[in-house]
Structure formats: structure tokens, C-alpha cells
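Novice: Got a structure for you, final22.cif, holding mmCIF, C-alpha atoms.
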```cif
data_my_file
loop_
_atom_site.label_atom_id
_atom_site.label_comp_id
_atom_site.auth_asym_id
_atom_site.auth_seq_id
_atom_site.Cartn_x
_atom_site.Cartn_y
_atom_site.Cartn_z
CA MET J 1 -45.96 -31.65 -7.25
CA ILE J 2 -46.99 -29.73 -4.12
CA GLU J 3 -48.22 -31.57 -1.06
CA ARG J 4 -50.70 -29.53 0.97
CA SER J 5 -52.14 -30.35 4.37
CA GLU J 6 -54.28 -28.46 6.85
CA GLY J 7 -55.20 -28.70 10.48
CA LYS J 8 -55.92 -26.83 13.70
CA PHE J 9 -53.85 -25.96 16.73
CA ALA J 10 -54.77 -24.56 20.13
CA GLY J 11 -54.05 -20.86 20.42
CA VAL J 12 -54.37 -18.69 23.51
CA GLY J 13 -57.44 -19.66 25.53
CA LYS J 14 -57.49 -22.97 23.64
CA LEU J 15 -59.06 -21.29 20.61
CA ASP J 16 -58.79 -23.69 17.65
CA LEU J 17 -56.87 -21.83 14.95
CA TYR J 18 -56.74 -22.99 11.34
CA TYR J 19 -53.41 -23.57 9.62
CA GLN J 20 -52.08 -25.11 6.44
CA ASN J 21 -48.71 -26.09 5.05
CA TRP J 22 -47.23 -26.87 1.65
CA GLN J 23 -44.31 -29.24 1.28
CA PRO J 24 -41.97 -30.11 -1.58
CA GLN J 25 -41.13 -33.62 -2.61
CA GLY J 26 -37.99 -34.79 -0.88
CA LYS J 27 -36.17 -33.01 1.94
CA ALA J 28 -36.93 -29.35 2.61
CA LYS J 29 -33.98 -26.99 2.94
CA ALA J 30 -35.91 -24.54 5.17
CA ILE J 31 -39.33 -23.51 6.42
CA LEU J 32 -40.97 -20.18 5.65
CA VAL J 33 -43.66 -19.23 8.17
CA VAL J 34 -46.10 -16.64 6.77
CA VAL J 35 -48.16 -14.35 9.02
CA HIS J 36 -50.88 -12.48 7.12
CA GLY J 37 -52.15 -8.93 7.54
CA LEU J 38 -55.38 -7.36 8.80
CA GLY J 39 -58.41 -8.84 7.05
CA GLY J 40 -56.25 -11.41 5.28
CA HIS J 41 -55.80 -15.15 5.67
CA SER J 42 -53.35 -17.97 5.00
CA SER J 43 -54.54 -18.69 1.44
CA LYS J 44 -53.54 -15.25 0.11
CA TYR J 45 -49.94 -16.14 -0.68
CA GLY J 46 -50.23 -18.42 -3.70
CA ASN J 47 -47.37 -16.76 -5.58
CA ILE J 48 -45.05 -17.37 -2.64
CA VAL J 49 -46.13 -21.02 -2.47
CA GLN J 50 -45.72 -21.54 -6.22
CA HIS J 51 -42.28 -19.93 -6.21
CA PHE J 52 -40.72 -21.54 -3.16
CA ILE J 53 -42.03 -25.10 -3.07
CA PRO J 54 -40.04 -26.08 -6.23
CA LYS J 55 -36.99 -24.51 -4.51
CA GLN J 56 -37.36 -27.09 -1.68
CA TYR J 57 -38.90 -24.81 0.92
CA THR J 58 -41.78 -25.83 3.17
CA ILE J 59 -44.35 -23.11 3.85
CA TYR J 60 -46.56 -22.84 6.91
CA ALA J 61 -49.31 -20.25 7.40
CA PHE J 62 -52.22 -19.85 9.81
CA ASP J 63 -55.37 -17.76 10.02
CA MET J 64 -55.06 -15.43 12.98
CA ARG J 65 -57.95 -15.27 15.43
CA GLY J 66 -60.81 -13.26 13.98
CA HIS J 67 -59.59 -13.99 10.45
CA GLY J 68 -60.19 -16.46 7.64
CA ARG J 69 -61.18 -19.94 8.80
CA SER J 70 -60.29 -19.30 12.43
CA PRO J 71 -62.97 -18.42 15.00
CA GLY J 72 -63.38 -15.13 16.82
CA GLN J 73 -65.03 -11.78 16.11
CA ARG J 74 -63.63 -10.38 12.86
CA GLY J 75 -60.78 -7.99 13.61
CA TYR J 76 -61.04 -8.29 17.42
CA ILE J 77 -58.51 -9.20 20.11
CA ASN J 78 -58.58 -8.76 23.88
CA SER J 79 -54.90 -7.85 23.88
CA TRP J 80 -51.99 -7.95 21.44
CA ALA J 81 -50.47 -10.78 23.50
CA GLU J 82 -53.08 -13.08 21.93
CA PHE J 83 -51.60 -12.53 18.45
CA ARG J 84 -48.06 -12.88 19.78
CA GLU J 85 -48.65 -16.02 21.83
CA ASP J 86 -50.72 -17.64 19.06
CA LEU J 87 -47.67 -17.25 16.80
CA ARG J 88 -45.45 -18.62 19.55
CA LYS J 89 -47.61 -21.74 19.83
CA PHE J 90 -47.64 -22.10 16.04
CA ILE J 91 -43.84 -22.03 15.89
CA THR J 92 -43.68 -24.66 18.63
CA LEU J 93 -46.03 -26.86 16.58
CA ILE J 94 -43.83 -26.46 13.50
CA GLN J 95 -40.68 -27.27 15.45
CA THR J 96 -42.38 -30.42 16.71
CA GLN J 97 -43.49 -31.46 13.22
CA GLN J 98 -40.24 -30.50 11.46
CA PRO J 99 -37.41 -30.72 14.02
CA LYS J 100 -34.00 -29.28 13.10
CA CYS J 101 -35.25 -27.63 9.90
CA PRO J 102 -34.20 -23.95 9.64
CA ILE J 103 -37.11 -21.53 10.10
CA PHE J 104 -37.61 -18.03 8.68
CA LEU J 105 -40.50 -15.82 9.80
CA LEU J 106 -42.28 -13.65 7.23
CA GLY J 107 -44.86 -11.11 8.32
CA HIS J 108 -47.01 -9.13 5.90
CA SER J 109 -48.43 -5.71 6.88
CA LEU J 110 -49.99 -6.12 10.35
CA GLY J 111 -48.43 -9.59 10.42
CA SER J 112 -45.02 -7.87 10.39
CA VAL J 113 -45.86 -6.23 13.70
CA VAL J 114 -46.90 -9.61 15.13
CA VAL J 115 -43.60 -11.13 13.97
CA LEU J 116 -41.38 -8.29 15.22
CA ASP J 117 -43.20 -8.12 18.55
CA TYR J 118 -42.71 -11.89 18.99
CA VAL J 119 -38.97 -11.91 18.27
CA LEU J 120 -38.37 -8.85 20.47
CA ARG J 121 -40.45 -10.15 23.39
CA HIS J 122 -38.97 -13.67 23.22
CA PRO J 123 -35.33 -13.14 22.16
CA GLN J 124 -34.07 -16.48 23.50
CA GLU J 125 -36.65 -18.44 21.48
CA ALA J 126 -36.11 -16.19 18.47
CA ALA J 127 -32.42 -17.01 18.51
CA ALA J 128 -33.37 -20.43 17.08
CA LEU J 129 -34.73 -18.72 13.94
CA GLN J 130 -32.67 -17.97 10.82
CA GLY J 131 -34.11 -14.55 10.22
CA VAL J 132 -37.11 -12.25 9.89
CA ILE J 133 -38.73 -10.87 6.73
CA THR J 134 -41.25 -8.03 6.79
CA LEU J 135 -43.37 -7.40 3.70
CA ALA J 136 -44.91 -3.91 3.65
CA PRO J 137 -44.68 -3.64 7.45
CA SER J 138 -47.16 -1.49 9.41
CA LEU J 139 -44.58 0.33 11.48
CA GLY J 140 -45.93 3.87 11.46
CA LYS J 141 -48.63 5.81 9.69
CA VAL J 142 -51.24 3.63 8.01
CA GLY J 143 -53.88 4.36 5.39
CA VAL J 144 -56.79 4.07 7.84
CA PRO J 145 -58.49 7.49 8.15
CA LYS J 146 -57.36 9.36 11.28
CA VAL J 147 -60.95 9.84 12.44
CA LYS J 148 -61.47 6.06 12.52
CA LEU J 149 -58.32 5.53 14.59
CA LEU J 150 -59.48 8.28 16.95
CA ILE J 151 -62.93 6.67 17.32
CA GLY J 152 -61.20 3.35 18.03
CA GLN J 153 -59.10 4.89 20.79
CA LEU J 154 -62.14 6.54 22.37
CA MET J 155 -64.28 3.40 22.21
CA SER J 156 -61.65 0.87 23.30
CA ARG J 157 -62.29 1.28 27.02
CA ILE J 158 -66.07 1.51 26.97
CA TRP J 159 -66.95 -0.73 24.01
CA PRO J 160 -63.85 -2.66 22.93
CA ARG J 161 -65.77 -4.83 20.45
CA PHE J 162 -67.13 -1.77 18.61
CA SER J 163 -66.46 -2.52 14.95
CA LEU J 164 -65.98 -0.32 11.88
CA SER J 165 -64.83 -0.87 8.34
CA THR J 166 -61.14 0.04 8.17
CA GLY J 167 -61.82 2.21 5.14
CA LEU J 168 -58.74 0.86 3.38
CA ASP J 169 -58.94 1.21 -0.39
CA LEU J 170 -58.94 -2.20 -2.10
CA ALA J 171 -57.31 -0.65 -5.16
CA ALA J 172 -54.32 0.34 -3.02
CA GLY J 173 -53.37 -3.33 -2.76
CA THR J 174 -51.98 -4.00 -6.21
CA ARG J 175 -51.67 -2.55 -9.70
CA ASP J 176 -52.83 -5.88 -11.18
CA GLU J 177 -56.52 -5.58 -12.14
CA LYS J 178 -57.00 -9.36 -12.29
CA VAL J 179 -55.74 -9.71 -8.72
CA LEU J 180 -58.02 -6.90 -7.55
CA ALA J 181 -60.99 -8.71 -9.11
CA ALA J 182 -60.00 -11.89 -7.24
CA TYR J 183 -59.67 -9.96 -3.97
CA ALA J 184 -63.19 -8.58 -4.44
CA GLN J 185 -64.55 -12.15 -4.75
CA ASP J 186 -62.57 -13.53 -1.80
CA THR J 187 -65.15 -14.49 0.83
CA LEU J 188 -62.46 -15.13 3.47
CA ARG J 189 -61.29 -11.52 3.38
CA HIS J 190 -62.80 -8.94 5.71
CA THR J 191 -62.42 -5.18 6.13
CA LEU J 192 -63.29 -4.85 9.81
CA GLY J 193 -61.33 -3.45 12.71
CA THR J 194 -62.47 -3.09 16.31
CA ALA J 195 -61.79 -0.37 18.86
CA ARG J 196 -59.61 -2.64 20.99
CA LEU J 197 -57.57 -3.78 17.99
CA ALA J 198 -56.89 -0.14 17.08
CA THR J 199 -55.45 0.75 20.49
CA GLU J 200 -53.52 -2.50 20.86
CA PHE J 201 -52.04 -2.06 17.38
CA LEU J 202 -50.93 1.53 17.99
CA ASP J 203 -49.41 0.65 21.37
CA THR J 204 -47.56 -2.34 19.92
CA VAL J 205 -46.18 -0.39 16.95
CA ALA J 206 -44.85 2.23 19.38
CA TRP J 207 -43.28 -0.49 21.55
CA VAL J 208 -41.66 -2.26 18.58
CA ASN J 209 -40.18 0.99 17.31
CA ASN J 210 -38.86 1.85 20.77
CA HIS J 211 -37.10 -1.54 20.99
CA ALA J 212 -35.67 -1.70 17.46
CA THR J 213 -32.12 -1.54 18.80
CA GLU J 214 -32.69 -4.85 20.63
CA LEU J 215 -33.31 -6.86 17.45
CA GLN J 216 -30.62 -9.54 17.13
CA LEU J 217 -31.72 -11.45 14.04
CA PRO J 218 -31.02 -11.03 10.31
CA LEU J 219 -33.70 -8.69 8.97
CA LEU J 220 -35.12 -8.15 5.49
CA ILE J 221 -37.63 -5.35 4.82
CA LEU J 222 -39.43 -5.21 1.46
CA HIS J 223 -41.65 -2.20 0.75
CA GLY J 224 -43.31 -0.52 -2.22
CA SER J 225 -42.58 3.17 -2.67
CA ALA J 226 -46.23 3.82 -3.65
CA ASP J 227 -47.72 1.87 -0.72
CA ARG J 228 -50.68 3.91 0.55
CA VAL J 229 -51.72 1.33 3.15
CA THR J 230 -48.50 1.17 5.19
CA LEU J 231 -46.34 4.14 4.32
CA PRO J 232 -42.74 3.25 3.33
CA GLU J 233 -41.06 5.99 5.36
CA SER J 234 -42.11 4.17 8.55
CA SER J 235 -40.14 1.04 7.64
CA ARG J 236 -37.21 3.25 6.60
CA ILE J 237 -37.16 4.86 10.04
CA PHE J 238 -37.37 1.46 11.77
CA TYR J 239 -34.58 0.08 9.57
CA GLU J 240 -32.31 2.98 10.50
CA GLN J 241 -32.96 2.34 14.20
CA VAL J 242 -31.91 -1.33 13.96
CA THR J 243 -28.28 -1.63 15.08
CA PHE J 244 -27.82 -5.31 14.17
CA THR J 245 -25.51 -5.25 11.16
CA ASP J 246 -27.18 -8.02 9.15
CA LYS J 247 -30.08 -5.97 7.82
CA THR J 248 -31.38 -5.27 4.32
CA ARG J 249 -34.14 -2.99 3.06
CA ILE J 250 -35.40 -2.91 -0.53
CA GLU J 251 -37.89 -0.33 -1.75
CA TYR J 252 -39.60 -0.97 -5.08
CA PRO J 253 -40.42 2.11 -7.18
CA GLU J 254 -44.16 2.54 -7.84
CA ALA J 255 -45.05 -0.76 -6.12
CA TYR J 256 -48.19 -1.08 -3.96
CA HIS J 257 -49.01 -2.84 -0.69
CA GLU J 258 -49.52 -6.48 -1.73
CA LEU J 259 -45.98 -6.97 -2.99
CA GLN J 260 -46.46 -10.72 -3.42
CA ASP J 261 -49.33 -9.97 -5.84
CA ASP J 262 -48.20 -6.75 -7.50
CA LEU J 263 -47.02 -6.40 -11.10
CA ASN J 264 -43.38 -6.85 -10.03
CA TYR J 265 -44.01 -9.82 -7.74
CA GLN J 266 -41.42 -11.99 -9.55
CA GLU J 267 -38.72 -9.42 -8.79
CA VAL J 268 -39.81 -9.29 -5.15
CA LEU J 269 -39.77 -13.08 -4.79
CA ALA J 270 -36.38 -13.32 -6.52
CA ASP J 271 -34.95 -10.81 -4.00
CA LEU J 272 -36.51 -12.76 -1.14
CA GLU J 273 -35.08 -16.03 -2.48
CA ASN J 274 -31.59 -14.56 -2.82
CA TRP J 275 -31.70 -13.32 0.75
CA LEU J 276 -32.94 -16.67 2.07
CA GLU J 277 -30.29 -18.60 0.15
CA LYS J 278 -27.57 -16.29 1.44
CA HIS J 279 -28.66 -16.87 5.03
CA LEU J 280 -28.90 -20.63 4.58
CA LEU J 281 -25.38 -20.56 3.16
CA THR J 282 -24.23 -18.61 6.21
CA GLU J 283 -25.76 -21.25 8.47
CA THR J 284 -24.05 -24.08 6.55
CA LYS J 285 -20.68 -22.38 6.92
CA THR J 286 -21.28 -21.88 10.65
CA ILE J 287 -22.13 -25.57 11.14
CA SER J 288 -19.13 -26.82 9.18
#
```
I need this file expressed as C-alpha cells, please.

Specialist:
Amino acid sequence: MIERSEGKFAGVGKLDLYYQNWQPQGKAKAILVVVHGLGGHSSKYGNIVQHFIPKQYTIYAFDMRGHGRSPGQRGYINSWAEFREDLRKFITLIQTQQPKCPIFLLGHSLGSVVVLDYVLRHPQEAAALQGVITLAPSLGKVGVPKVKLLIGQLMSRIWPRFSLSTGLDLAAGTRDEKVLAAYAQDTLRHTLGTARLATEFLDTVAWVNNHATELQLPLLILHGSADRVTLPESSRIFYEQVTFTDKTRIEYPEAYHELQDDLNYQEVLADLENWLEKHLLTETKTIS
């Protein structure tokens, strides 16, 4: 039996952002906070919910501004700090609702950049977390056509809300045809990116890569070798730059971008569970 609840919290500028959480019966062993990717939303991670709730994990997820059930122009931000500080406020809300429960942060695609930027910009707060997971992180070249990124950079100063389709291929998400059909019918999804988002994203990716050596949290990177949306060599380069010894990277042969929904999703979630359990065990030993 899965208990689900939903609500809103005040993000930057008091924008009411939508969130939901799923809880197991009885005491939760840890909290997994999921941050979705560009055009996504908090309801896209059903396989993660179905896998981890019976394992006594609580899952929290929110719709970033300009996404899903949250307000704001689709795919627009004034500055990257809005994404980062929205996540910061969300974590504070979770810590208030579930005090003393271990928290892991999981970012998918663009959400990985939000997560890594947060923990690197706020290292003292991040020290309270158990670890960071990045699923198909957008840490380098992405599958958006170069001409669209160039247009975004040119337009950002004069028309920051200028919007284009990202041009990302839906079929690059997963090898599962049934999932692709569901994605096509998902009215909460969008495929828009604005000029300002393009420049803020590129600047933040560069900053995160330049500060990889400062990461001081356990890190897990999961990436598909056939990911055409966020290319796997970028996460490999980032991983090599991280000097913190507790780091793991797993690359899945032939897997696509939406690892939680791809044909091998059970393998991916089993690897994630093993890593989480190992780091909860480490915490228990430290406490005792």
C-alpha cells in the first residue's frame, strides 16, 4: 500500500510550486528526492516509486517552475539561481516534515545539473545529505541541435523569453515502445526551451564542471552508453574530475536516456538500491 500526498510550497519570488510525495507504511529508512529533467515533471518516475516504496523509502518530487503543474512560462527562468534556490526551499520543507530522516538527492538529466549546482554552491547544507545520484546527467554536449543553442545565446540578452522547441527526439528516450506511446500522450510534458534557459544552462554546466573537485558527498552516476540526449562521455569526464573517493559510475550498454523507463530499468533500479543500502549501512556504522 502506497500513501501519496500532494501540495504546494513557495519557491523563489513566492511562486507556488507543485510537489508530491509517496510514503511506505511504517517507518521510512530514508528519503529519495527526485528532480526531473527539461520538459519533465514529478509524475514521470513511477518505476522508481513502485520499486522503492516497498523497500521503506519515502519519495519526494516537485515540478520545477515552468514545468508540469507548476506555474511559469514553459522552459523559462530568469536565472539558474531560481532552480537552485527552489530546490533548496524544497529540501528545507522536507526536513521540516521528516526531521532526522536520511536524505538522498537524485537528479535526472537537467535535474542533475540543478542537484550538483545546489550541493556545490551550498556545501555546508549539503553536508547533511547522505549522497547524490545523477541519472543521465547533462554535463556536456546535449542532443539539442547546435543552431538552436546558438540562437538561444544570441537571443538571451534581447529577448530572453524567446521560445523554441528543443528538437530533442522523443524516440531517444527509451527503447520501450509502450513507454514512448505513453510519453506521446503525456499532457504534462513539454518540449520548449527559452533563450535565457539556454545561456543559463550552458553557464551552469561549465561552472559545475570547473568545481567538480570541490564535491564532498558520495556520488553515483548512472548513464546509458547509447544516450543521444545527454552524451555519456560528458559524465565520464566529470566523474574523473571528482577527487572525493566515494564515487561510482555505471554505464549501461545500449541503454537510452530515460534509464528509469528503459528496457533494463530493473537492473538500473537494483544498482541504485544497492548503492543506497550501502550508504545507509555506512551511516549506521558511523552513528554506532

Novice: For this structure, which residues satisfy the selection - the PyMOL selection byres ((chain J and resi 95-110) around 7) - when it is evaluated on the file as given? I want them as a ChimeraX atom specification.

Specialist: /J:30-38,91-94,111-115,129-138

Novice: Need the shell around J:Ala171: protein/DNA/RNA residues with any atom at most 10 Å away, counting only C-alpha atoms. Skip same-chain ones fewer than 2 positions apart. Format as a ChimeraX atom specification?

Specialist: /J:168-169,173-177,179-181,183-184,228,256-257

Novice: Give me the result of the PyMOL selection byres ((chain J and resi 187) around 12) on this file, residue by residue, as number ranges by chain.

Specialist: J: 39-41, 43-44, 67-69, 182-186, 188-191

Novice: Between J:Leu269, J:Gly46, J:Gly140, J:Ile151, which one has atoms that come closest to J:Leu202, using all atoms listed in the file?

Specialist: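 That would be J:Gly140, the residue with the smallest distance to J:Leu202.
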
Novice: Report the distance between atom CA of J:Leu263 and atom CA of J:His51 in Å, rounded to one decimal place.

Specialist: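 Taking atom CA of J:Leu263 as the start and atom CA of J:His51 as the end point, the length is 15.1 Å.
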
Novice: Pull out every residue that the PyMOL selection byres ((chain J and resi 243-245) around 8) matches in the shown coordinates and put them as a list in words.

Specialist: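 On this input, the PyMOL selection byres ((chain J and resi 243-245) around 8) captures Ala212, Thr213, Glu214, Leu215, Gln216, Leu217, Pro218, Glu240, Gln241, Val242, Asp246 and Lys247 of chain J.
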
Novice: In Å, rounded to a single decimal, give me how far atom CA of J:Leu220 is from atom CA of J:Lys278.

Specialist: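 That distance, rounded to one decimal, is 11.8 Å.
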
Novice: Can you pull out every residue within 9 Å of J:Tyr118, counting all atoms listed in the file, but drop anything in the same chain fewer than 4 positions away, and send it as a PDB file with C-alpha atoms, in the coordinates of the input?

Specialist:
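Output file part23.pdb is given in full below:
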```pdb
ATOM      1  CA  PHE J  83     -51.600 -12.530  18.450  1.00  0.00           C
ATOM      2  CA  ARG J  84     -48.060 -12.880  19.780  1.00  0.00           C
ATOM      3  CA  GLU J  85     -48.650 -16.020  21.830  1.00  0.00           C
ATOM      4  CA  LEU J  87     -47.670 -17.250  16.800  1.00  0.00           C
ATOM      5  CA  ARG J  88     -45.450 -18.620  19.550  1.00  0.00           C
ATOM      6  CA  VAL J 113     -45.860  -6.230  13.700  1.00  0.00           C
ATOM      7  CA  VAL J 114     -46.900  -9.610  15.130  1.00  0.00           C
ATOM      8  CA  HIS J 122     -38.970 -13.670  23.220  1.00  0.00           C
ATOM      9  CA  PRO J 123     -35.330 -13.140  22.160  1.00  0.00           C
ATOM     10  CA  ALA J 126     -36.110 -16.190  18.470  1.00  0.00           C
TER      11      ALA J 126
END
```

Novice: Could you please determine the separation between atom CA of J:Met1 and atom CA of J:Pro54 in Å, to one decimal place?

Specialist: 8.2 Å

Novice: Which residue is closest to J:Val208? Choose from J:Glu6, J:Asp86, J:Asp117, J:Asp262 and count only C-alpha atoms.

Specialist: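 Checking each candidate against J:Val208, we get J:Asp117 as the closest.
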
Novice: Under the rule that only C-alpha atoms are counted, which of J:Leu272, J:Val49, J:Val147, J:Leu139 is the nearest residue to J:Ala206?

Specialist: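 Going through J:Leu272, J:Val49, J:Val147, J:Leu139 one by one, the smallest distance to J:Ala206 is for J:Leu139.
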